[in-house]
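Colleague: Have a peek at entry_18.cif (mmCIF, N, CA and C atoms).
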data_run
#
loop_
_atom_site.label_atom_id
_atom_site.label_comp_id
_atom_site.auth_asym_id
_atom_site.auth_seq_id
_atom_site.Cartn_x
_atom_site.Cartn_y
_atom_site.Cartn_z
N LYS A 1498 -10.07 -0.56 20.55
CA LYS A 1498 -9.79 0.35 19.46
C LYS A 1498 -8.80 1.44 19.85
N SER A 1499 -8.28 1.34 21.04
CA SER A 1499 -7.31 2.35 21.44
C SER A 1499 -5.91 1.85 21.12
N GLY A 1500 -4.95 2.66 21.39
CA GLY A 1500 -3.57 2.29 21.12
C GLY A 1500 -3.13 2.74 19.74
N SER A 1501 -1.99 2.23 19.31
CA SER A 1501 -1.40 2.70 18.06
C SER A 1501 -1.77 1.88 16.84
N LEU A 1502 -2.46 0.75 17.00
CA LEU A 1502 -2.78 -0.09 15.85
C LEU A 1502 -3.57 0.66 14.78
N PRO A 1503 -4.64 1.37 15.14
CA PRO A 1503 -5.35 2.11 14.09
C PRO A 1503 -4.49 3.18 13.41
N ASP A 1504 -3.55 3.75 14.16
CA ASP A 1504 -2.66 4.75 13.57
C ASP A 1504 -1.75 4.13 12.51
N TYR A 1505 -1.23 2.94 12.77
CA TYR A 1505 -0.41 2.24 11.78
C TYR A 1505 -1.22 1.97 10.52
N SER A 1506 -2.44 1.54 10.71
CA SER A 1506 -3.31 1.22 9.60
C SER A 1506 -3.59 2.46 8.74
N ARG A 1507 -3.95 3.55 9.40
CA ARG A 1507 -4.23 4.79 8.67
C ARG A 1507 -2.97 5.34 8.00
N ALA A 1508 -1.83 5.24 8.66
CA ALA A 1508 -0.58 5.74 8.08
C ALA A 1508 -0.23 4.97 6.81
N TYR A 1509 -0.41 3.66 6.86
CA TYR A 1509 -0.10 2.85 5.68
C TYR A 1509 -1.09 3.15 4.56
N ALA A 1510 -2.37 3.28 4.89
CA ALA A 1510 -3.38 3.58 3.87
C ALA A 1510 -3.10 4.93 3.20
N SER A 1511 -2.72 5.94 3.99
CA SER A 1511 -2.43 7.25 3.41
C SER A 1511 -1.15 7.21 2.57
N THR A 1512 -0.18 6.41 2.98
CA THR A 1512 1.05 6.25 2.20
C THR A 1512 0.74 5.60 0.85
N LEU A 1513 -0.14 4.59 0.86
CA LEU A 1513 -0.53 3.94 -0.39
C LEU A 1513 -1.21 4.92 -1.34
N SER A 1514 -2.08 5.77 -0.78
CA SER A 1514 -2.75 6.79 -1.60
C SER A 1514 -1.73 7.75 -2.20
N ALA A 1515 -0.77 8.15 -1.40
CA ALA A 1515 0.26 9.08 -1.88
C ALA A 1515 1.10 8.44 -2.99
N ILE A 1516 1.39 7.15 -2.87
CA ILE A 1516 2.15 6.45 -3.91
C ILE A 1516 1.37 6.46 -5.22
N LEU A 1517 0.09 6.15 -5.14
CA LEU A 1517 -0.73 6.15 -6.36
C LEU A 1517 -0.79 7.54 -6.99
N LEU A 1518 -0.98 8.56 -6.16
CA LEU A 1518 -1.02 9.92 -6.68
C LEU A 1518 0.30 10.32 -7.31
N ALA A 1519 1.40 9.94 -6.69
CA ALA A 1519 2.72 10.28 -7.24
C ALA A 1519 2.95 9.60 -8.57
N HIS A 1520 2.55 8.34 -8.68
CA HIS A 1520 2.72 7.63 -9.95
C HIS A 1520 1.81 8.19 -11.03
N LYS A 1521 0.60 8.55 -10.67
CA LYS A 1521 -0.34 9.08 -11.66
C LYS A 1521 0.05 10.48 -12.11
N SER A 1522 0.64 11.27 -11.21
CA SER A 1522 0.94 12.66 -11.54
C SER A 1522 1.97 12.78 -12.66
N HIS A 1523 2.91 11.85 -12.72
CA HIS A 1523 3.90 11.99 -13.78
C HIS A 1523 3.67 11.03 -14.94
N HIS A 1524 2.59 10.27 -14.93
CA HIS A 1524 2.22 9.46 -16.08
C HIS A 1524 0.98 10.01 -16.77
N ALA A 1525 0.39 11.06 -16.21
CA ALA A 1525 -0.81 11.66 -16.80
C ALA A 1525 -0.42 12.64 -17.89
N GLY A 1526 -1.35 12.88 -18.75
CA GLY A 1526 -1.12 13.89 -19.79
C GLY A 1526 -0.27 13.37 -20.91
N ASP A 1527 0.86 13.99 -21.11
CA ASP A 1527 1.74 13.67 -22.23
C ASP A 1527 2.33 12.28 -22.06
N THR A 1528 2.04 11.37 -22.96
CA THR A 1528 2.53 9.99 -22.84
C THR A 1528 3.98 9.85 -23.29
N SER A 1529 4.53 10.90 -23.91
CA SER A 1529 5.93 10.82 -24.31
C SER A 1529 6.86 10.99 -23.12
N GLN A 1530 6.36 11.51 -21.99
CA GLN A 1530 7.17 11.68 -20.79
C GLN A 1530 6.91 10.53 -19.84
N GLU A 1531 7.59 9.43 -20.03
CA GLU A 1531 7.42 8.26 -19.18
C GLU A 1531 8.34 8.29 -17.96
N VAL A 1532 9.39 9.12 -18.00
CA VAL A 1532 10.35 9.16 -16.91
C VAL A 1532 9.99 10.31 -15.97
N PRO A 1533 9.81 10.03 -14.67
CA PRO A 1533 9.47 11.10 -13.74
C PRO A 1533 10.65 12.03 -13.50
N SER A 1534 10.35 13.23 -13.05
CA SER A 1534 11.43 14.15 -12.71
C SER A 1534 12.18 13.63 -11.50
N THR A 1535 13.37 14.16 -11.27
CA THR A 1535 14.20 13.72 -10.15
C THR A 1535 13.49 13.94 -8.83
N SER A 1536 12.83 15.07 -8.67
CA SER A 1536 12.14 15.34 -7.40
C SER A 1536 10.98 14.36 -7.20
N CYS A 1537 10.25 14.04 -8.25
CA CYS A 1537 9.16 13.07 -8.13
C CYS A 1537 9.71 11.70 -7.78
N GLN A 1538 10.82 11.35 -8.41
CA GLN A 1538 11.40 10.04 -8.15
C GLN A 1538 11.89 9.95 -6.70
N ARG A 1539 12.46 11.02 -6.17
CA ARG A 1539 12.88 11.01 -4.76
C ARG A 1539 11.69 10.87 -3.84
N CYS A 1540 10.60 11.53 -4.20
CA CYS A 1540 9.37 11.46 -3.41
C CYS A 1540 8.82 10.02 -3.43
N ILE A 1541 8.77 9.42 -4.60
CA ILE A 1541 8.27 8.06 -4.73
C ILE A 1541 9.16 7.09 -3.97
N THR A 1542 10.46 7.27 -4.04
CA THR A 1542 11.39 6.41 -3.32
C THR A 1542 11.16 6.50 -1.82
N TYR A 1543 10.98 7.73 -1.32
CA TYR A 1543 10.68 7.91 0.11
C TYR A 1543 9.39 7.20 0.49
N LEU A 1544 8.34 7.40 -0.31
CA LEU A 1544 7.04 6.79 -0.02
C LEU A 1544 7.13 5.26 -0.05
N GLN A 1545 7.90 4.73 -0.97
CA GLN A 1545 8.04 3.27 -1.06
C GLN A 1545 8.80 2.72 0.15
N LYS A 1546 9.80 3.45 0.61
CA LYS A 1546 10.53 3.01 1.82
C LYS A 1546 9.60 3.07 3.03
N ARG A 1547 8.80 4.12 3.11
CA ARG A 1547 7.84 4.24 4.21
C ARG A 1547 6.82 3.11 4.16
N ALA A 1548 6.30 2.82 2.97
CA ALA A 1548 5.32 1.74 2.82
C ALA A 1548 5.93 0.39 3.18
N SER A 1549 7.16 0.18 2.79
CA SER A 1549 7.84 -1.08 3.11
C SER A 1549 8.03 -1.23 4.62
N SER A 1550 8.40 -0.15 5.28
CA SER A 1550 8.58 -0.19 6.74
C SER A 1550 7.25 -0.45 7.45
N LEU A 1551 6.22 0.27 7.04
CA LEU A 1551 4.91 0.07 7.66
C LEU A 1551 4.37 -1.33 7.37
N SER A 1552 4.64 -1.83 6.17
CA SER A 1552 4.21 -3.19 5.83
C SER A 1552 4.87 -4.22 6.75
N GLY A 1553 6.17 -4.05 6.99
CA GLY A 1553 6.87 -4.96 7.89
C GLY A 1553 6.31 -4.94 9.30
N ILE A 1554 5.99 -3.74 9.77
CA ILE A 1554 5.40 -3.61 11.11
C ILE A 1554 4.04 -4.29 11.16
N ILE A 1555 3.21 -4.02 10.16
CA ILE A 1555 1.86 -4.60 10.13
C ILE A 1555 1.91 -6.12 9.99
N ASP A 1556 2.81 -6.63 9.16
CA ASP A 1556 2.96 -8.09 9.03
C ASP A 1556 3.35 -8.72 10.36
N SER A 1557 4.27 -8.09 11.06
CA SER A 1557 4.69 -8.61 12.37
C SER A 1557 3.56 -8.57 13.38
N LEU A 1558 2.81 -7.48 13.39
CA LEU A 1558 1.68 -7.37 14.32
C LEU A 1558 0.62 -8.42 14.03
N CYS A 1559 0.38 -8.71 12.76
CA CYS A 1559 -0.61 -9.74 12.40
C CYS A 1559 -0.17 -11.12 12.86
N CYS A 1560 1.13 -11.36 12.86
CA CYS A 1560 1.65 -12.65 13.32
C CYS A 1560 1.52 -12.78 14.83
N LEU A 1561 1.60 -11.67 15.54
CA LEU A 1561 1.53 -11.71 17.00
C LEU A 1561 0.17 -12.09 17.54
N SER A 1562 -0.88 -11.58 16.89
CA SER A 1562 -2.22 -11.80 17.44
C SER A 1562 -3.27 -11.67 16.34
N PRO A 1563 -4.21 -12.61 16.28
CA PRO A 1563 -5.32 -12.46 15.33
C PRO A 1563 -6.16 -11.22 15.61
N LYS A 1564 -6.22 -10.83 16.89
CA LYS A 1564 -6.98 -9.62 17.23
C LYS A 1564 -6.33 -8.37 16.63
N ALA A 1565 -5.01 -8.37 16.54
CA ALA A 1565 -4.31 -7.23 15.95
C ALA A 1565 -4.69 -7.07 14.49
N SER A 1566 -4.77 -8.17 13.75
CA SER A 1566 -5.12 -8.05 12.33
C SER A 1566 -6.55 -7.55 12.14
N ILE A 1567 -7.44 -7.89 13.07
CA ILE A 1567 -8.81 -7.40 12.99
C ILE A 1567 -8.86 -5.89 13.22
N VAL A 1568 -8.12 -5.42 14.21
CA VAL A 1568 -8.08 -3.98 14.49
C VAL A 1568 -7.42 -3.23 13.32
N LEU A 1569 -6.34 -3.80 12.78
CA LEU A 1569 -5.64 -3.15 11.67
C LEU A 1569 -6.49 -3.06 10.41
N SER A 1570 -7.40 -3.99 10.24
CA SER A 1570 -8.20 -4.00 9.01
C SER A 1570 -9.60 -3.43 9.20
N CYS A 1571 -9.79 -2.63 10.24
CA CYS A 1571 -11.11 -2.03 10.46
C CYS A 1571 -11.48 -1.19 9.23
N PRO A 1572 -12.75 -1.19 8.86
CA PRO A 1572 -13.19 -0.48 7.65
C PRO A 1572 -12.85 1.02 7.66
N GLU A 1573 -12.81 1.63 8.84
CA GLU A 1573 -12.53 3.06 8.93
C GLU A 1573 -11.11 3.43 8.48
N SER A 1574 -10.20 2.47 8.49
CA SER A 1574 -8.82 2.77 8.11
C SER A 1574 -8.61 2.78 6.60
N TYR A 1575 -9.49 2.12 5.86
CA TYR A 1575 -9.38 2.01 4.40
C TYR A 1575 -8.11 1.29 3.96
N LEU A 1576 -7.50 0.51 4.84
CA LEU A 1576 -6.25 -0.16 4.47
C LEU A 1576 -6.48 -1.27 3.45
N VAL A 1577 -7.44 -2.14 3.68
CA VAL A 1577 -7.67 -3.25 2.74
C VAL A 1577 -8.07 -2.72 1.36
N PRO A 1578 -9.04 -1.79 1.27
CA PRO A 1578 -9.33 -1.23 -0.07
C PRO A 1578 -8.13 -0.52 -0.70
N GLY A 1579 -7.32 0.14 0.14
CA GLY A 1579 -6.12 0.81 -0.37
C GLY A 1579 -5.12 -0.17 -0.95
N LEU A 1580 -4.92 -1.29 -0.26
CA LEU A 1580 -4.02 -2.32 -0.78
C LEU A 1580 -4.54 -2.88 -2.10
N LEU A 1581 -5.83 -3.15 -2.15
CA LEU A 1581 -6.42 -3.67 -3.39
C LEU A 1581 -6.28 -2.68 -4.54
N LYS A 1582 -6.47 -1.40 -4.24
CA LYS A 1582 -6.36 -0.37 -5.27
C LYS A 1582 -4.93 -0.26 -5.79
N VAL A 1583 -3.94 -0.31 -4.90
CA VAL A 1583 -2.54 -0.26 -5.32
C VAL A 1583 -2.22 -1.45 -6.22
N ILE A 1584 -2.64 -2.63 -5.79
CA ILE A 1584 -2.36 -3.84 -6.57
C ILE A 1584 -3.01 -3.72 -7.96
N ALA A 1585 -4.26 -3.32 -8.01
CA ALA A 1585 -4.97 -3.22 -9.29
C ALA A 1585 -4.40 -2.11 -10.18
N ASP A 1586 -4.24 -0.91 -9.61
CA ASP A 1586 -3.78 0.22 -10.43
C ASP A 1586 -2.36 0.03 -10.94
N LEU A 1587 -1.48 -0.46 -10.10
CA LEU A 1587 -0.09 -0.63 -10.53
C LEU A 1587 0.08 -1.87 -11.41
N SER A 1588 -0.77 -2.86 -11.25
CA SER A 1588 -0.67 -4.07 -12.07
C SER A 1588 -1.31 -3.88 -13.44
N PHE A 1589 -2.47 -3.21 -13.46
CA PHE A 1589 -3.24 -3.13 -14.69
C PHE A 1589 -3.39 -1.71 -15.22
N GLY A 1590 -2.60 -0.80 -14.70
CA GLY A 1590 -2.69 0.60 -15.12
C GLY A 1590 -2.12 0.80 -16.50
N SER A 1591 -2.06 2.06 -16.91
CA SER A 1591 -1.62 2.40 -18.26
C SER A 1591 -0.15 2.07 -18.50
N ASN A 1592 0.65 2.01 -17.44
CA ASN A 1592 2.08 1.71 -17.59
C ASN A 1592 2.38 0.25 -17.28
N MET A 1593 1.37 -0.61 -17.49
CA MET A 1593 1.48 -2.02 -17.15
C MET A 1593 2.63 -2.70 -17.87
N GLY A 1594 2.81 -2.41 -19.13
CA GLY A 1594 3.86 -3.07 -19.90
C GLY A 1594 5.26 -2.61 -19.52
N THR A 1595 5.38 -1.46 -18.90
CA THR A 1595 6.69 -0.92 -18.58
C THR A 1595 6.90 -0.83 -17.07
N ALA A 1596 6.41 -1.82 -16.36
CA ALA A 1596 6.51 -1.79 -14.89
C ALA A 1596 7.97 -1.86 -14.46
N SER A 1597 8.36 -0.89 -13.68
CA SER A 1597 9.73 -0.86 -13.17
C SER A 1597 9.87 -1.79 -11.98
N THR A 1598 11.09 -1.98 -11.55
CA THR A 1598 11.35 -2.83 -10.39
C THR A 1598 10.68 -2.25 -9.16
N SER A 1599 10.69 -0.93 -9.01
CA SER A 1599 10.08 -0.32 -7.82
C SER A 1599 8.57 -0.54 -7.81
N ILE A 1600 7.93 -0.49 -8.98
CA ILE A 1600 6.49 -0.74 -9.04
C ILE A 1600 6.21 -2.20 -8.71
N SER A 1601 7.00 -3.10 -9.25
CA SER A 1601 6.84 -4.53 -8.95
C SER A 1601 7.04 -4.80 -7.47
N ASP A 1602 8.02 -4.14 -6.86
CA ASP A 1602 8.25 -4.31 -5.43
C ASP A 1602 7.06 -3.81 -4.61
N GLU A 1603 6.48 -2.70 -5.03
CA GLU A 1603 5.32 -2.16 -4.31
C GLU A 1603 4.12 -3.09 -4.42
N ILE A 1604 3.93 -3.69 -5.58
CA ILE A 1604 2.83 -4.65 -5.76
C ILE A 1604 3.05 -5.85 -4.85
N LEU A 1605 4.28 -6.37 -4.82
CA LEU A 1605 4.57 -7.53 -3.97
C LEU A 1605 4.42 -7.20 -2.49
N THR A 1606 4.86 -6.03 -2.08
CA THR A 1606 4.72 -5.61 -0.68
C THR A 1606 3.24 -5.51 -0.31
N SER A 1607 2.44 -4.95 -1.20
CA SER A 1607 1.00 -4.83 -0.94
C SER A 1607 0.33 -6.19 -0.87
N LEU A 1608 0.72 -7.10 -1.76
CA LEU A 1608 0.17 -8.46 -1.72
C LEU A 1608 0.53 -9.18 -0.43
N LYS A 1609 1.77 -9.00 0.01
CA LYS A 1609 2.22 -9.63 1.25
C LYS A 1609 1.42 -9.12 2.44
N THR A 1610 1.22 -7.81 2.49
CA THR A 1610 0.46 -7.22 3.60
C THR A 1610 -1.00 -7.65 3.54
N LEU A 1611 -1.57 -7.67 2.35
CA LEU A 1611 -2.96 -8.09 2.20
C LEU A 1611 -3.13 -9.54 2.65
N THR A 1612 -2.17 -10.39 2.32
CA THR A 1612 -2.21 -11.79 2.75
C THR A 1612 -2.16 -11.89 4.27
N SER A 1613 -1.29 -11.12 4.89
CA SER A 1613 -1.19 -11.13 6.35
C SER A 1613 -2.48 -10.66 7.00
N LEU A 1614 -3.06 -9.61 6.45
CA LEU A 1614 -4.28 -9.05 7.04
C LEU A 1614 -5.49 -9.97 6.89
N THR A 1615 -5.60 -10.64 5.76
CA THR A 1615 -6.80 -11.43 5.49
C THR A 1615 -6.74 -12.85 6.01
N HIS A 1616 -5.57 -13.29 6.46
CA HIS A 1616 -5.45 -14.66 6.96
C HIS A 1616 -6.30 -14.85 8.22
N GLU A 1617 -7.32 -15.70 8.11
CA GLU A 1617 -8.23 -15.99 9.22
C GLU A 1617 -8.81 -14.71 9.84
N ASN A 1618 -9.18 -13.76 8.98
CA ASN A 1618 -9.70 -12.48 9.43
C ASN A 1618 -10.95 -12.15 8.62
N SER A 1619 -12.11 -12.40 9.18
CA SER A 1619 -13.36 -12.18 8.45
C SER A 1619 -13.64 -10.71 8.20
N VAL A 1620 -13.15 -9.82 9.06
CA VAL A 1620 -13.36 -8.38 8.87
C VAL A 1620 -12.68 -7.92 7.58
N ALA A 1621 -11.43 -8.33 7.39
CA ALA A 1621 -10.69 -7.96 6.18
C ALA A 1621 -11.26 -8.68 4.95
N PHE A 1622 -11.65 -9.91 5.14
CA PHE A 1622 -12.18 -10.70 4.03
C PHE A 1622 -13.44 -10.07 3.45
N GLU A 1623 -14.29 -9.53 4.30
CA GLU A 1623 -15.53 -8.91 3.84
C GLU A 1623 -15.32 -7.65 3.04
N GLN A 1624 -14.18 -7.00 3.24
CA GLN A 1624 -13.91 -5.75 2.52
C GLN A 1624 -13.52 -6.04 1.11
#
Translate the structure of the given file into structure tokens.

Modeller:
Amino acid sequence: KSGSLPDYSRAYASTLSAILLAHKSHHAGDTSQEVPSTSCQRCITYLQKRASSLSGIIDSLCCLSPKASIVLSCPESYLVPGLLKVIADLSFGSNMGTASTSISDEILTSLKTLTSLTHENSVAFEQ
């Protein structure tokens, strides 16, 4: 349980939470304001780039060793539930009909990472 693997897992899980909060913050309340402010959009773009980078790292680590995917998906990191929440909230949320390309990309990135983590990994599967 030592090393940087748990840190990657926690970093990705916290990034996913931040993405959900950023999307919810500018879609809450007044439904006539569907377009986020420029600063929110820059924040979301940064978070999506960070999530994509972390996803690539985690996918590569899962390919290297089955033990790595088990450590990455430990329940304490909340990564698997975070991925599931992003997929569900962004797919079936209130803005489902107006999903932008960036939201679709985030859903696909989360699905790809979830597939890598759960492949032959009973720890992730149980979550």

Colleague: Pick out the closest residue to Leu1587 in chain A from this set: A:Cys1560, A:Ser1601, A:Ser1501, A:Ser1574. Count only N, CA and C atoms.

Modeller: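 When distances to Leu1587 in chain A are compared using only N, CA and C atoms, the smallest one comes from A:Ser1601.
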
Colleague: Determine the nearest neighbour of Pro1572 in chain A from the options A:Lys1609, A:Gln1624, A:Asn1618, A:Gly1590, counting all atoms listed in the file.

Modeller: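 With all atoms listed in the file as the atom set, the closest residue is A:Gln1624.
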
Colleague: Just say which residues the PyMOL selection byres (((chain A and resi 1552 and name CA) around 8) and name CA) picks in this file, as a list in words.

Modeller: Tyr1509, Ala1548, Ser1549, Ser1550, Leu1551, Gly1553, Ile1554, Ile1555, Asp1556, Thr1606, Ser1607 and Thr1610 of chain A

Colleague: For the helix (DSSP H, G or I) assignment from backbone DSSP, which residues of chain A qualify? Please present them as a ChimeraX atom specification.

Modeller: /A:1502-1522,1535-1561,1563-1569,1572-1574,1576-1589,1593-1595,1598-1615,1619-1623

Colleague: Could you check which of A:Ser1597, A:Tyr1575, A:His1616, A:Phe1622 is closest to Leu1513 in chain A, using only C-alpha atoms?

Modeller: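 Of A:Ser1597, A:Tyr1575, A:His1616, A:Phe1622, the one nearest Leu1513 in chain A is A:Tyr1575, counting only C-alpha atoms.
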
Colleague: Could you check how far CA of Cys1559 in chain A sits from CA of Arg1547 in chain A, in Å to one decimal?

Modeller: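 Separating CA of Cys1559 in chain A from CA of Arg1547 in chain A is a distance of 18.3 Å.
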
Colleague: For a cutoff of 8 Å around the file-coordinate point (-2.5, -0.4, 1.8), which residues qualify once you count only N, CA and C atoms? I'd like the result as a PyMOL selection string.

Modeller: chain A and resi 1506+1508-1514+1575-1584+1606-1607+1610-1611

Colleague: May I ask for the distance between atom C of Val1620 in chain A and atom N of Cys1571 in chain A, given in Å to one decimal place?

Modeller: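 According to the coordinates, atom C of Val1620 in chain A and atom N of Cys1571 in chain A are separated by 6.6 Å.
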
Colleague: Between CA of Leu1569 in chain A and CA of Leu1502 in chain A, what is the distance, to one decimal in Å?

Modeller: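 Pair CA of Leu1569 in chain A / CA of Leu1502 in chain A returns 5.9 Å.
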
Colleague: So that I can see what lies close to range 1535-1545 of chain A, please list as a CSV table (one decimal) with N, CA and C atoms, in the frame of the given file the residues with an atom at most 8 Å from it, counting only C-alpha atoms and leaving out residues fewer than 4 positions away in the same chain.

Modeller:
chain,number,residue,atom,x,y,z
A,1512,THR,N,-0.2,6.4,3.0
A,1512,THR,CA,1.0,6.2,2.2
A,1512,THR,C,0.7,5.6,0.8
A,1515,ALA,N,-0.8,8.2,-1.4
A,1515,ALA,CA,0.3,9.1,-1.9
A,1515,ALA,C,1.1,8.4,-3.0
A,1516,ILE,N,1.4,7.2,-2.9
A,1516,ILE,CA,2.2,6.4,-3.9
A,1516,ILE,C,1.4,6.5,-5.2
A,1519,ALA,N,1.4,9.9,-6.7
A,1519,ALA,CA,2.7,10.3,-7.2
A,1519,ALA,C,3.0,9.6,-8.6
A,1520,HIS,N,2.6,8.3,-8.7
A,1520,HIS,CA,2.7,7.6,-10.0
A,1520,HIS,C,1.8,8.2,-11.0
A,1523,HIS,N,2.9,11.8,-12.7
A,1523,HIS,CA,3.9,12.0,-13.8
A,1523,HIS,C,3.7,11.0,-14.9
A,1549,SER,N,7.2,0.2,2.8
A,1549,SER,CA,7.8,-1.1,3.1
A,1549,SER,C,8.0,-1.2,4.6
A,1599,SER,N,10.7,-0.9,-9.0
A,1599,SER,CA,10.1,-0.3,-7.8
A,1599,SER,C,8.6,-0.5,-7.8
A,1603,GLU,N,6.5,-2.7,-5.0
A,1603,GLU,CA,5.3,-2.2,-4.3
A,1603,GLU,C,4.1,-3.1,-4.4
